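File shown here: data_33.pdb, holding PDB, C-alpha atoms, pLDDT in the B column.
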```
ATOM      1  CA  MET A   1      16.645  14.257   2.635  1.00 96.00           C
ATOM      2  CA  ARG A   2      15.505  13.792   6.213  1.00 98.00           C
ATOM      3  CA  ILE A   3      14.197  10.413   7.413  1.00 98.00           C
ATOM      4  CA  ILE A   4      11.562  10.260  10.170  1.00 98.00           C
ATOM      5  CA  ILE A   5      10.862   6.860  11.759  1.00 98.00           C
ATOM      6  CA  ILE A   6       7.631   6.782  13.779  1.00 97.00           C
ATOM      7  CA  ALA A   7       8.313   4.395  16.673  1.00 94.00           C
ATOM      8  CA  ALA A   8       6.030   5.607  19.454  1.00 89.00           C
ATOM      9  CA  GLY A   9       3.774   2.539  19.588  1.00 74.00           C
ATOM     10  CA  SER A  10       4.052  -0.724  21.496  1.00 66.00           C
ATOM     11  CA  SER A  11       3.588  -4.405  20.640  1.00 56.00           C
ATOM     12  CA  THR A  12       0.076  -4.807  22.055  1.00 61.00           C
ATOM     13  CA  ARG A  13      -0.846  -7.686  19.720  1.00 59.00           C
ATOM     14  CA  LEU A  14       2.422  -9.563  20.104  1.00 66.00           C
ATOM     15  CA  GLU A  15       1.764 -11.261  23.461  1.00 60.00           C
ATOM     16  CA  ASP A  16       5.192 -12.116  24.914  1.00 59.00           C
ATOM     17  CA  TYR A  17       6.666  -9.008  23.255  1.00 59.00           C
ATOM     18  CA  SER A  18       3.965  -6.614  24.460  1.00 57.00           C
ATOM     19  CA  ASP A  19       6.390  -4.557  26.582  1.00 66.00           C
ATOM     20  CA  ALA A  20       8.793  -3.959  23.709  1.00 75.00           C
ATOM     21  CA  PRO A  21       8.553  -1.397  20.898  1.00 85.00           C
ATOM     22  CA  LYS A  22       7.729  -3.244  17.686  1.00 87.00           C
ATOM     23  CA  GLY A  23      10.649  -1.585  15.932  1.00 91.00           C
ATOM     24  CA  LEU A  24      13.067  -3.425  18.228  1.00 92.00           C
ATOM     25  CA  LEU A  25      11.791  -6.898  17.372  1.00 91.00           C
ATOM     26  CA  LYS A  26      14.455  -9.054  15.705  1.00 90.00           C
ATOM     27  CA  ILE A  27      14.339 -10.164  12.064  1.00 91.00           C
ATOM     28  CA  LYS A  28      17.357 -12.346  11.370  1.00 83.00           C
ATOM     29  CA  ASN A  29      20.018 -10.913  13.682  1.00 88.00           C
ATOM     30  CA  ASP A  30      18.954  -7.266  13.700  1.00 93.00           C
ATOM     31  CA  SER A  31      15.972  -5.281  14.869  1.00 93.00           C
ATOM     32  CA  ILE A  32      13.529  -3.843  12.339  1.00 95.00           C
ATOM     33  CA  VAL A  33      14.747  -0.301  13.035  1.00 96.00           C
ATOM     34  CA  ARG A  34      18.395  -1.348  12.743  1.00 96.00           C
ATOM     35  CA  ILE A  35      17.656  -2.909   9.349  1.00 96.00           C
ATOM     36  CA  GLN A  36      16.005   0.340   8.249  1.00 97.00           C
ATOM     37  CA  LEU A  37      18.889   2.452   9.569  1.00 97.00           C
ATOM     38  CA  ASN A  38      21.490   0.328   7.792  1.00 96.00           C
ATOM     39  CA  MET A  39      19.593   0.668   4.527  1.00 97.00           C
ATOM     40  CA  PHE A  40      19.273   4.452   4.862  1.00 98.00           C
ATOM     41  CA  ARG A  41      22.911   4.932   5.784  1.00 97.00           C
ATOM     42  CA  ASN A  42      24.120   2.691   2.971  1.00 96.00           C
ATOM     43  CA  LYS A  43      22.496   5.239   0.663  1.00 96.00           C
ATOM     44  CA  ASN A  44      24.025   8.159   2.591  1.00 96.00           C
ATOM     45  CA  TYR A  45      20.776   9.278   4.195  1.00 97.00           C
ATOM     46  CA  ASN A  46      22.135  10.256   7.588  1.00 96.00           C
ATOM     47  CA  ASP A  47      19.694  12.939   8.754  1.00 98.00           C
ATOM     48  CA  ILE A  48      17.491  10.576  10.754  1.00 98.00           C
ATOM     49  CA  ILE A  49      14.880  11.201  13.458  1.00 98.00           C
ATOM     50  CA  ILE A  50      13.259   8.490  15.580  1.00 98.00           C
ATOM     51  CA  ILE A  51      10.022   9.411  17.341  1.00 97.00           C
ATOM     52  CA  THR A  52       9.717   7.317  20.496  1.00 94.00           C
ATOM     53  CA  GLY A  53       6.906   6.812  22.981  1.00 88.00           C
ATOM     54  CA  PRO A  54       6.799   4.996  26.313  1.00 82.00           C
ATOM     55  CA  ASN A  55      10.039   3.039  25.788  1.00 83.00           C
ATOM     56  CA  LYS A  56      12.538   5.723  24.854  1.00 86.00           C
ATOM     57  CA  GLU A  57      15.233   4.198  27.083  1.00 89.00           C
ATOM     58  CA  LYS A  58      15.178   0.970  25.041  1.00 91.00           C
ATOM     59  CA  PHE A  59      16.433   2.732  21.915  1.00 93.00           C
ATOM     60  CA  ASP A  60      20.206   3.038  21.817  1.00 92.00           C
ATOM     61  CA  PHE A  61      21.053   3.763  18.173  1.00 95.00           C
ATOM     62  CA  ASN A  62      23.845   6.262  17.623  1.00 93.00           C
ATOM     63  CA  ASP A  63      23.840   9.293  15.347  1.00 94.00           C
ATOM     64  CA  VAL A  64      20.079   9.799  15.294  1.00 97.00           C
ATOM     65  CA  LEU A  65      17.928  12.543  16.776  1.00 97.00           C
ATOM     66  CA  TYR A  66      15.368  11.225  19.248  1.00 97.00           C
ATOM     67  CA  ILE A  67      12.079  13.014  19.784  1.00 96.00           C
ATOM     68  CA  ARG A  68       9.837  11.710  22.536  1.00 94.00           C
ATOM     69  CA  ASP A  69       6.105  11.735  21.981  1.00 93.00           C
ATOM     70  CA  THR A  70       5.076  12.546  25.536  1.00 90.00           C
ATOM     71  CA  ASN A  71       1.361  12.380  24.661  1.00 87.00           C
ATOM     72  CA  HIS A  72       1.445   8.990  22.945  1.00 82.00           C
ATOM     73  CA  LYS A  73      -1.461   7.710  25.082  1.00 82.00           C
ATOM     74  CA  LYS A  74      -3.713  10.532  23.903  1.00 86.00           C
ATOM     75  CA  HIS A  75      -3.278  10.156  20.161  1.00 87.00           C
ATOM     76  CA  ASP A  76      -2.241   7.806  17.373  1.00 91.00           C
ATOM     77  CA  VAL A  77       0.250   7.785  14.480  1.00 93.00           C
ATOM     78  CA  LEU A  78      -0.593  11.229  13.109  1.00 96.00           C
ATOM     79  CA  GLY A  79      -0.136  12.838  16.514  1.00 95.00           C
ATOM     80  CA  SER A  80       3.163  11.033  16.970  1.00 95.00           C
ATOM     81  CA  LEU A  81       4.410  12.364  13.640  1.00 97.00           C
ATOM     82  CA  MET A  82       3.390  15.868  14.721  1.00 96.00           C
ATOM     83  CA  ALA A  83       5.691  15.548  17.740  1.00 96.00           C
ATOM     84  CA  ALA A  84       8.414  16.214  15.142  1.00 97.00           C
ATOM     85  CA  ARG A  85       6.577  19.109  13.496  1.00 96.00           C
ATOM     86  CA  ASP A  86       9.530  21.462  14.020  1.00 96.00           C
ATOM     87  CA  TYR A  87      11.511  19.218  11.650  1.00 97.00           C
ATOM     88  CA  LEU A  88       8.803  18.829   9.001  1.00 95.00           C
ATOM     89  CA  TYR A  89      10.360  21.022   6.387  1.00 91.00           C
ATOM     90  CA  ASP A  90      12.500  20.446   3.332  1.00 91.00           C
ATOM     91  CA  GLU A  91      12.471  16.970   1.736  1.00 97.00           C
ATOM     92  CA  ILE A  92      11.130  14.261   4.075  1.00 98.00           C
ATOM     93  CA  LEU A  93      10.673  10.497   4.007  1.00 98.00           C
ATOM     94  CA  THR A  94       8.517   9.053   6.788  1.00 98.00           C
ATOM     95  CA  THR A  95       8.212   5.392   7.702  1.00 98.00           C
ATOM     96  CA  TYR A  96       6.654   3.276  10.415  1.00 97.00           C
ATOM     97  CA  SER A  97       9.057   1.386  12.669  1.00 95.00           C
ATOM     98  CA  ASP A  98       7.220  -1.922  12.254  1.00 94.00           C
ATOM     99  CA  ILE A  99       7.698  -2.424   8.519  1.00 96.00           C
ATOM    100  CA  ILE A 100      10.581  -4.147   6.805  1.00 96.00           C
ATOM    101  CA  PHE A 101      11.165  -3.613   3.098  1.00 97.00           C
ATOM    102  CA  GLU A 102      13.693  -4.179   0.341  1.00 95.00           C
ATOM    103  CA  GLU A 103      16.164  -1.590  -0.881  1.00 96.00           C
ATOM    104  CA  LYS A 104      14.414  -1.424  -4.272  1.00 96.00           C
ATOM    105  CA  ILE A 105      11.352  -0.025  -2.492  1.00 98.00           C
ATOM    106  CA  LEU A 106      13.467   2.678  -0.886  1.00 98.00           C
ATOM    107  CA  LYS A 107      14.846   3.486  -4.350  1.00 97.00           C
ATOM    108  CA  SER A 108      11.321   3.958  -5.707  1.00 97.00           C
ATOM    109  CA  MET A 109      10.512   6.310  -2.838  1.00 98.00           C
ATOM    110  CA  THR A 110      13.627   8.454  -3.160  1.00 97.00           C
ATOM    111  CA  GLU A 111      13.226   8.805  -6.925  1.00 97.00           C
ATOM    112  CA  PHE A 112       9.730  10.269  -6.566  1.00 97.00           C
ATOM    113  CA  SER A 113       9.805  13.916  -7.661  1.00 96.00           C
ATOM    114  CA  GLY A 114       6.262  15.034  -6.808  1.00 96.00           C
ATOM    115  CA  ASP A 115       5.142  16.929  -3.706  1.00 98.00           C
ATOM    116  CA  ILE A 116       3.283  14.256  -1.721  1.00 98.00           C
ATOM    117  CA  GLY A 117       3.567  10.570  -2.551  1.00 98.00           C
ATOM    118  CA  ILE A 118       2.902   7.329  -0.701  1.00 98.00           C
ATOM    119  CA  ALA A 119       4.092   3.777  -1.369  1.00 98.00           C
ATOM    120  CA  VAL A 120       1.385   1.623  -2.955  1.00 98.00           C
ATOM    121  CA  ASP A 121       1.530  -2.113  -3.659  1.00 98.00           C
ATOM    122  CA  LEU A 122      -0.953  -3.212  -6.328  1.00 97.00           C
ATOM    123  CA  ASP A 123      -0.007  -6.881  -5.883  1.00 96.00           C
ATOM    124  CA  TRP A 124      -0.951  -6.806  -2.224  1.00 96.00           C
ATOM    125  CA  GLU A 125      -3.591  -9.505  -1.819  1.00 95.00           C
ATOM    126  CA  LYS A 126      -1.094 -12.369  -2.034  1.00 93.00           C
ATOM    127  CA  ASN A 127       0.389 -11.142   1.263  1.00 92.00           C
ATOM    128  CA  TYR A 128      -2.797 -12.162   3.087  1.00 93.00           C
ATOM    129  CA  ILE A 129      -2.966 -15.782   1.970  1.00 91.00           C
ATOM    130  CA  ASN A 130      -2.945 -18.025   5.076  1.00 86.00           C
ATOM    131  CA  ARG A 131      -2.683 -14.955   7.303  1.00 90.00           C
ATOM    132  CA  ASP A 132      -5.533 -15.191   9.787  1.00 89.00           C
ATOM    133  CA  GLN A 133      -4.256 -13.004  12.651  1.00 88.00           C
ATOM    134  CA  HIS A 134      -3.931  -9.947  10.428  1.00 88.00           C
ATOM    135  CA  THR A 135      -6.606 -10.227   7.752  1.00 92.00           C
ATOM    136  CA  LYS A 136      -7.086  -8.491   4.422  1.00 93.00           C
ATOM    137  CA  SER A 137      -9.875  -6.345   5.882  1.00 93.00           C
ATOM    138  CA  GLN A 138      -7.261  -4.622   8.076  1.00 93.00           C
ATOM    139  CA  ALA A 139      -5.132  -3.478   5.139  1.00 95.00           C
ATOM    140  CA  ASP A 140      -4.840   0.262   4.504  1.00 97.00           C
ATOM    141  CA  ASN A 141      -6.297   0.186   1.009  1.00 97.00           C
ATOM    142  CA  VAL A 142      -5.696   2.816  -1.636  1.00 98.00           C
ATOM    143  CA  LEU A 143      -8.039   3.475  -4.557  1.00 98.00           C
ATOM    144  CA  VAL A 144      -6.034   4.796  -7.499  1.00 97.00           C
ATOM    145  CA  ASN A 145      -6.665   5.993 -11.014  1.00 96.00           C
ATOM    146  CA  GLY A 146      -3.359   6.136 -12.863  1.00 93.00           C
ATOM    147  CA  ASP A 147      -1.117   8.616 -11.054  1.00 94.00           C
ATOM    148  CA  GLU A 148      -3.756   9.929  -8.659  1.00 95.00           C
ATOM    149  CA  ILE A 149      -5.058   8.588  -5.365  1.00 97.00           C
ATOM    150  CA  LEU A 150      -8.821   8.893  -4.965  1.00 97.00           C
ATOM    151  CA  GLN A 151      -9.331   7.324  -1.559  1.00 97.00           C
ATOM    152  CA  ILE A 152      -7.412   5.721   1.288  1.00 98.00           C
ATOM    153  CA  ARG A 153      -9.058   3.664   4.022  1.00 96.00           C
ATOM    154  CA  LYS A 154      -9.453   0.095   5.210  1.00 95.00           C
ATOM    155  CA  ASN A 155     -11.536  -2.450   3.347  1.00 93.00           C
ATOM    156  CA  ILE A 156     -12.091  -0.853  -0.061  1.00 96.00           C
ATOM    157  CA  LEU A 157     -13.947  -3.564  -1.956  1.00 91.00           C
ATOM    158  CA  GLU A 158     -15.036  -2.081  -5.284  1.00 92.00           C
ATOM    159  CA  CYS A 159     -13.519   0.047  -8.025  1.00 93.00           C
ATOM    160  CA  LYS A 160     -14.698   1.444 -11.346  1.00 91.00           C
ATOM    161  CA  LYS A 161     -13.183   1.008 -14.776  1.00 91.00           C
ATOM    162  CA  ASN A 162      -9.583   2.317 -14.930  1.00 93.00           C
ATOM    163  CA  GLU A 163      -9.370   2.284 -11.115  1.00 96.00           C
ATOM    164  CA  LYS A 164      -7.318  -0.157  -9.039  1.00 97.00           C
ATOM    165  CA  ILE A 165      -7.100  -1.091  -5.376  1.00 98.00           C
ATOM    166  CA  GLY A 166      -3.696  -1.288  -3.703  1.00 97.00           C
ATOM    167  CA  GLU A 167      -2.255  -1.244  -0.209  1.00 98.00           C
ATOM    168  CA  PHE A 168      -0.416   1.602   1.520  1.00 98.00           C
ATOM    169  CA  LEU A 169       2.878   0.377   2.991  1.00 96.00           C
ATOM    170  CA  GLY A 170       3.380   3.170   5.532  1.00 97.00           C
ATOM    171  CA  LEU A 171       6.049   5.058   3.573  1.00 98.00           C
ATOM    172  CA  MET A 172       5.437   8.708   2.626  1.00 98.00           C
ATOM    173  CA  LYS A 173       7.641  11.112   0.648  1.00 98.00           C
ATOM    174  CA  LEU A 174       7.261  14.889   0.905  1.00 98.00           C
ATOM    175  CA  SER A 175       9.031  17.550  -1.107  1.00 98.00           C
ATOM    176  CA  LYS A 176       9.808  20.881   0.572  1.00 97.00           C
ATOM    177  CA  LYS A 177       6.525  22.215  -0.815  1.00 98.00           C
ATOM    178  CA  GLY A 178       4.703  19.025   0.198  1.00 98.00           C
ATOM    179  CA  SER A 179       5.963  19.302   3.780  1.00 98.00           C
ATOM    180  CA  LYS A 180       4.653  22.863   3.958  1.00 97.00           C
ATOM    181  CA  ILE A 181       1.255  21.863   2.568  1.00 98.00           C
ATOM    182  CA  PHE A 182       0.978  18.937   5.001  1.00 98.00           C
ATOM    183  CA  LEU A 183       1.924  20.962   8.077  1.00 97.00           C
ATOM    184  CA  GLU A 184      -0.153  24.026   7.200  1.00 97.00           C
ATOM    185  CA  ARG A 185      -3.298  21.942   6.683  1.00 97.00           C
ATOM    186  CA  TYR A 186      -2.742  20.109   9.966  1.00 97.00           C
ATOM    187  CA  SER A 187      -2.246  23.401  11.806  1.00 97.00           C
ATOM    188  CA  GLU A 188      -5.533  24.707  10.382  1.00 97.00           C
ATOM    189  CA  LEU A 189      -7.319  21.567  11.548  1.00 97.00           C
ATOM    190  CA  GLU A 190      -5.852  21.896  15.042  1.00 95.00           C
ATOM    191  CA  MET A 191      -7.456  25.315  15.392  1.00 95.00           C
ATOM    192  CA  LYS A 192     -10.823  24.630  13.771  1.00 94.00           C
ATOM    193  CA  HIS A 193     -11.721  20.944  13.567  1.00 96.00           C
ATOM    194  CA  LYS A 194     -14.081  19.339  16.065  1.00 95.00           C
ATOM    195  CA  GLY A 195     -15.617  15.878  16.258  1.00 96.00           C
ATOM    196  CA  LYS A 196     -15.051  12.840  14.058  1.00 97.00           C
ATOM    197  CA  PHE A 197     -12.151  13.018  11.609  1.00 97.00           C
ATOM    198  CA  HIS A 198     -12.563  10.692   8.643  1.00 97.00           C
ATOM    199  CA  ASN A 199     -12.248   7.135  10.047  1.00 95.00           C
ATOM    200  CA  ALA A 200     -10.989   8.305  13.454  1.00 96.00           C
ATOM    201  CA  SER A 201     -13.099   9.405  16.398  1.00 95.00           C
ATOM    202  CA  SER A 202     -11.237  12.735  16.446  1.00 96.00           C
ATOM    203  CA  LEU A 203      -8.251  14.552  14.969  1.00 95.00           C
ATOM    204  CA  GLU A 204      -6.339  13.654  18.119  1.00 93.00           C
ATOM    205  CA  LYS A 205      -6.923   9.926  17.489  1.00 94.00           C
ATOM    206  CA  ALA A 206      -6.239  10.066  13.751  1.00 96.00           C
ATOM    207  CA  TYR A 207      -3.928   7.889  11.718  1.00 96.00           C
ATOM    208  CA  LEU A 208      -1.706   9.141   8.921  1.00 97.00           C
ATOM    209  CA  THR A 209      -4.242   7.684   6.467  1.00 98.00           C
ATOM    210  CA  ASP A 210      -6.951   9.985   7.858  1.00 98.00           C
ATOM    211  CA  MET A 211      -4.747  13.012   7.202  1.00 98.00           C
ATOM    212  CA  LEU A 212      -3.974  11.828   3.685  1.00 98.00           C
ATOM    213  CA  GLN A 213      -7.692  11.493   2.967  1.00 98.00           C
ATOM    214  CA  GLU A 214      -8.212  14.998   4.341  1.00 98.00           C
ATOM    215  CA  LEU A 215      -5.653  16.339   1.893  1.00 98.00           C
ATOM    216  CA  ILE A 216      -7.332  14.488  -0.978  1.00 98.00           C
ATOM    217  CA  ASP A 217     -10.744  15.879   0.006  1.00 97.00           C
ATOM    218  CA  SER A 218      -9.192  19.367   0.133  1.00 97.00           C
ATOM    219  CA  GLY A 219      -8.157  19.073  -3.499  1.00 97.00           C
ATOM    220  CA  ILE A 220      -4.496  18.398  -2.806  1.00 97.00           C
ATOM    221  CA  ARG A 221      -2.935  15.797  -5.064  1.00 96.00           C
ATOM    222  CA  ILE A 222      -1.539  12.686  -3.403  1.00 98.00           C
ATOM    223  CA  SER A 223       0.421  10.518  -5.816  1.00 98.00           C
ATOM    224  CA  PRO A 224       0.892   6.749  -5.658  1.00 98.00           C
ATOM    225  CA  ILE A 225       4.487   5.582  -5.713  1.00 98.00           C
ATOM    226  CA  TYR A 226       4.025   2.129  -7.169  1.00 98.00           C
ATOM    227  CA  ILE A 227       6.422  -0.373  -5.667  1.00 97.00           C
ATOM    228  CA  SER A 228       7.390  -3.970  -6.258  1.00 93.00           C
ATOM    229  CA  GLY A 229       9.437  -6.232  -4.060  1.00 92.00           C
ATOM    230  CA  LYS A 230       9.345  -7.774  -0.618  1.00 94.00           C
ATOM    231  CA  TRP A 231       7.900  -5.965   2.366  1.00 97.00           C
ATOM    232  CA  CYS A 232       6.049  -6.874   5.524  1.00 94.00           C
ATOM    233  CA  GLU A 233       4.258  -5.092   8.345  1.00 93.00           C
ATOM    234  CA  ILE A 234       4.727  -6.751  11.739  1.00 91.00           C
ATOM    235  CA  ASP A 235       1.587  -6.454  13.835  1.00 89.00           C
ATOM    236  CA  THR A 236       1.092  -9.997  15.168  1.00 89.00           C
ATOM    237  CA  LEU A 237       3.180 -13.039  16.067  1.00 89.00           C
ATOM    238  CA  GLN A 238       2.163 -14.561  12.750  1.00 92.00           C
ATOM    239  CA  ASP A 239       3.426 -11.448  10.929  1.00 92.00           C
ATOM    240  CA  LEU A 240       6.726 -11.757  12.774  1.00 91.00           C
ATOM    241  CA  GLU A 241       7.190 -15.360  11.643  1.00 92.00           C
ATOM    242  CA  ILE A 242       6.241 -14.444   8.055  1.00 93.00           C
ATOM    243  CA  ALA A 243       8.798 -11.619   8.045  1.00 93.00           C
ATOM    244  CA  LYS A 244      11.534 -13.917   9.348  1.00 92.00           C
ATOM    245  CA  LYS A 245      10.883 -16.373   6.506  1.00 92.00           C
ATOM    246  CA  LEU A 246      10.526 -13.656   3.873  1.00 92.00           C
ATOM    247  CA  PHE A 247      13.783 -11.959   4.804  1.00 90.00           C
ATOM    248  CA  SER A 248      15.834 -15.008   5.844  1.00 79.00           C
TER     249      SER A 248
END
```

Show me, as C-alpha cells, the structure contained in the file I just sent.
Amino acid sequence: MRIIIIAAGSSTRLEDYSDAPKGLLKIKNDSIVRIQLNMFRNKNYNDIIIITGPNKEKFDFNDVLYIRDTNHKKHDVLGSLMAARDYLYDEILTTYSDIIFEEKILKSMTEFSGDIGIAVDLDWEKNYINRDQHTKSQADNVLVNGDEILQIRKNILECKKNEKIGEFLGLMKLSKKGSKIFLERYSELEMKHKGKFHNASSLEKAYLTDMLQELIDSGIRISPIYISGKWCEIDTLQDLEIAKKLFS
C-alpha cells in the first residue's frame, strides 16, 4: 500500500508559526508528519510520498518520495493531491499533514476492503466543546446511512430517520479499482468542467470533499470507515494546544 501525505499548505491561522508547514509543528517531541511516518513504518508501510508546497526545503525526512506542488497558490487540497497523479494507482491511503491520530484509526483504514472509503467519526461533536477558534460549523460533515455516504460538506444540520451525521477526518483509502475511478473522473472534469464546483468556486480551487461529493453525485459508492479513538486536526493555536494535551 502506498501512503500519500498532502503537506502543501502553510500555517496561515497559527500566527507565530505562519511561515512553517503545519505538518512540521511539534506535538510532544516530534512533528506531526514524523509521528505519522513512525506509525506507518511501524506497520511496514514504507512506500510513502509527501506532497510539499512553498516550504519544500524545510522537509528533511529520509526514505520518502517528495513531490512539489508548484501551483499550490492556484489551487487547494484536491489540486495538491493531483500533483501526485502519476502515483495514484494500486492501493492508496491519503492523509493530510495536519492531523494526528491513534494507531487504531490507521488499523481501521488499512482493514477496509472496499474501493473508496473515508474515515468518519460519529462521536465528533465532543471535539468542539470549548473550542472557539475552530468551531463546529467548520467541520467537514458526512451524512451517512449505514454503509453508504449520502453527502459530505460543512455544516450539515439535519438528518432523516436511519441517517447519521459524522465528521470526515481527512483520511481516504482507495483500492486499485478505486484509484482508477477517482483519477478517471478527475481527468474528465479537467477537460469538461467549467464554473463552480460543489462548494468551491471552481475545480481548480476544490477541496478533496468537493471531489468526493462529485463521485457520490455520479453514482459512485463512497463508504464510511467508522473510527473510534483519539484524533485531532491542527488548524489554530488552540487546536495545537488541544493536540498536545490529547497526545501527551

Matched chain/residue IDs from the PyMOL selection byres ((chain A and resi 9) around 12), as JSON, numbers by chain: {"A": [5, 6, 7, 8, 10, 11, 12, 13, 18, 19, 20, 21, 22, 23, 24, 50, 51, 52, 53, 54, 55, 56, 68, 69, 70, 71, 72, 73, 74, 75, 76, 77, 78, 79, 80, 81, 96, 97, 98, 235]}

Selection above as a file: C-alpha atoms, as a PDB file, in the frame of the given file:
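selection-v7.pdb, written as the output of this step:
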```pdb
ATOM      1  CA  ILE A   5      10.862   6.860  11.759  1.00 98.00           C
ATOM      2  CA  ILE A   6       7.631   6.782  13.779  1.00 97.00           C
ATOM      3  CA  ALA A   7       8.313   4.395  16.673  1.00 94.00           C
ATOM      4  CA  ALA A   8       6.030   5.607  19.454  1.00 89.00           C
ATOM      5  CA  SER A  10       4.052  -0.724  21.496  1.00 66.00           C
ATOM      6  CA  SER A  11       3.588  -4.405  20.640  1.00 56.00           C
ATOM      7  CA  THR A  12       0.076  -4.807  22.055  1.00 61.00           C
ATOM      8  CA  ARG A  13      -0.846  -7.686  19.720  1.00 59.00           C
ATOM      9  CA  SER A  18       3.965  -6.614  24.460  1.00 57.00           C
ATOM     10  CA  ASP A  19       6.390  -4.557  26.582  1.00 66.00           C
ATOM     11  CA  ALA A  20       8.793  -3.959  23.709  1.00 75.00           C
ATOM     12  CA  PRO A  21       8.553  -1.397  20.898  1.00 85.00           C
ATOM     13  CA  LYS A  22       7.729  -3.244  17.686  1.00 87.00           C
ATOM     14  CA  GLY A  23      10.649  -1.585  15.932  1.00 91.00           C
ATOM     15  CA  LEU A  24      13.067  -3.425  18.228  1.00 92.00           C
ATOM     16  CA  ILE A  50      13.259   8.490  15.580  1.00 98.00           C
ATOM     17  CA  ILE A  51      10.022   9.411  17.341  1.00 97.00           C
ATOM     18  CA  THR A  52       9.717   7.317  20.496  1.00 94.00           C
ATOM     19  CA  GLY A  53       6.906   6.812  22.981  1.00 88.00           C
ATOM     20  CA  PRO A  54       6.799   4.996  26.313  1.00 82.00           C
ATOM     21  CA  ASN A  55      10.039   3.039  25.788  1.00 83.00           C
ATOM     22  CA  LYS A  56      12.538   5.723  24.854  1.00 86.00           C
ATOM     23  CA  ARG A  68       9.837  11.710  22.536  1.00 94.00           C
ATOM     24  CA  ASP A  69       6.105  11.735  21.981  1.00 93.00           C
ATOM     25  CA  THR A  70       5.076  12.546  25.536  1.00 90.00           C
ATOM     26  CA  ASN A  71       1.361  12.380  24.661  1.00 87.00           C
ATOM     27  CA  HIS A  72       1.445   8.990  22.945  1.00 82.00           C
ATOM     28  CA  LYS A  73      -1.461   7.710  25.082  1.00 82.00           C
ATOM     29  CA  LYS A  74      -3.713  10.532  23.903  1.00 86.00           C
ATOM     30  CA  HIS A  75      -3.278  10.156  20.161  1.00 87.00           C
ATOM     31  CA  ASP A  76      -2.241   7.806  17.373  1.00 91.00           C
ATOM     32  CA  VAL A  77       0.250   7.785  14.480  1.00 93.00           C
ATOM     33  CA  LEU A  78      -0.593  11.229  13.109  1.00 96.00           C
ATOM     34  CA  GLY A  79      -0.136  12.838  16.514  1.00 95.00           C
ATOM     35  CA  SER A  80       3.163  11.033  16.970  1.00 95.00           C
ATOM     36  CA  LEU A  81       4.410  12.364  13.640  1.00 97.00           C
ATOM     37  CA  TYR A  96       6.654   3.276  10.415  1.00 97.00           C
ATOM     38  CA  SER A  97       9.057   1.386  12.669  1.00 95.00           C
ATOM     39  CA  ASP A  98       7.220  -1.922  12.254  1.00 94.00           C
ATOM     40  CA  ASP A 235       1.587  -6.454  13.835  1.00 89.00           C
TER      41      ASP A 235
END
```

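For the pair atom CA of A:Ala243 and atom CA of A:Asn62, the separation is 25.3 Å.
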
From A:Ser187, A:Ser218, A:Thr135, A:Thr209, residue lying nearest A:Thr236 [all atoms listed in the file]: A:Thr135

Atom CA of A:Glu167 to atom CA of A:Glu125, straight-line distance in Å: 8.5 Å

Which of A:Glu91, A:Asp217, A:Glu158, A:Asp132 sits closest to A:Phe112 [using only C-alpha atoms]: A:Glu91

d(atom CA of A:Gly229, atom CA of A:Lys104) in Å: 6.9 Å

Quick one: 5 Å padding each side, axis-aligned, all listed atoms of stretch 105-123 of chain A - centre and edge lengths in Å to one decimal, as lines of an AutoDock Vina configuration file?
```
center_x = 6.9
center_y = 5.0
center_z = -4.2
size_x = 25.8
size_y = 33.8
size_z = 17.0
```

Suppose a student applies the PyMOL selection byres ((chain A and resi 42-49) around 8) to this structure; what residues should they get, written as a PDB file with C-alpha atoms, in the frame of the given file?
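Below is the file expr_37.pdb, written as the result:
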```pdb
ATOM      1  CA  MET A   1      16.645  14.257   2.635  1.00 96.00           C
ATOM      2  CA  ARG A   2      15.505  13.792   6.213  1.00 98.00           C
ATOM      3  CA  ILE A   3      14.197  10.413   7.413  1.00 98.00           C
ATOM      4  CA  ILE A   4      11.562  10.260  10.170  1.00 98.00           C
ATOM      5  CA  ILE A   5      10.862   6.860  11.759  1.00 98.00           C
ATOM      6  CA  ASN A  38      21.490   0.328   7.792  1.00 96.00           C
ATOM      7  CA  MET A  39      19.593   0.668   4.527  1.00 97.00           C
ATOM      8  CA  PHE A  40      19.273   4.452   4.862  1.00 98.00           C
ATOM      9  CA  ARG A  41      22.911   4.932   5.784  1.00 97.00           C
ATOM     10  CA  ILE A  50      13.259   8.490  15.580  1.00 98.00           C
ATOM     11  CA  ILE A  51      10.022   9.411  17.341  1.00 97.00           C
ATOM     12  CA  ASP A  63      23.840   9.293  15.347  1.00 94.00           C
ATOM     13  CA  VAL A  64      20.079   9.799  15.294  1.00 97.00           C
ATOM     14  CA  LEU A  65      17.928  12.543  16.776  1.00 97.00           C
ATOM     15  CA  TYR A  66      15.368  11.225  19.248  1.00 97.00           C
ATOM     16  CA  ILE A  67      12.079  13.014  19.784  1.00 96.00           C
TER      17      ILE A  67
END
```

Picked residues, the PyMOL selection byres ((chain A and resi 145) around 10), expected as a PyMOL selection string: chain A and resi 142-144+146-151+159-165+223-224

Distance criterion (only C-alpha atoms): nearest to A:Glu184 out of A:Lys107, A:Arg85, A:Arg34, A:Lys126: A:Arg85

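By all atoms listed in the file, and with residues fewer than 5 positions from A:Glu102 along its chain excluded, the set lying at most 10 Å from it is Ile35, Gln36, Met39, Lys107, Ser228, Gly229, Lys230, Trp231, Cys232 and Phe247 of chain A.
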
Produce a file of the selected residues containing C-alpha atoms, as a PDB file, in the coordinates of the input.
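Contents of the output file selection-v6.pdb:
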```pdb
ATOM      1  CA  ILE A  35      17.656  -2.909   9.349  1.00 96.00           C
ATOM      2  CA  GLN A  36      16.005   0.340   8.249  1.00 97.00           C
ATOM      3  CA  MET A  39      19.593   0.668   4.527  1.00 97.00           C
ATOM      4  CA  LYS A 107      14.846   3.486  -4.350  1.00 97.00           C
ATOM      5  CA  SER A 228       7.390  -3.970  -6.258  1.00 93.00           C
ATOM      6  CA  GLY A 229       9.437  -6.232  -4.060  1.00 92.00           C
ATOM      7  CA  LYS A 230       9.345  -7.774  -0.618  1.00 94.00           C
ATOM      8  CA  TRP A 231       7.900  -5.965   2.366  1.00 97.00           C
ATOM      9  CA  CYS A 232       6.049  -6.874   5.524  1.00 94.00           C
ATOM     10  CA  PHE A 247      13.783 -11.959   4.804  1.00 90.00           C
TER      11      PHE A 247
END
```

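With all atoms listed in the file as the basis for measurement, A:Tyr87 is the residue among A:Tyr87, A:Arg131, A:Met191, A:Ile225 that approaches A:Lys176 most closely.
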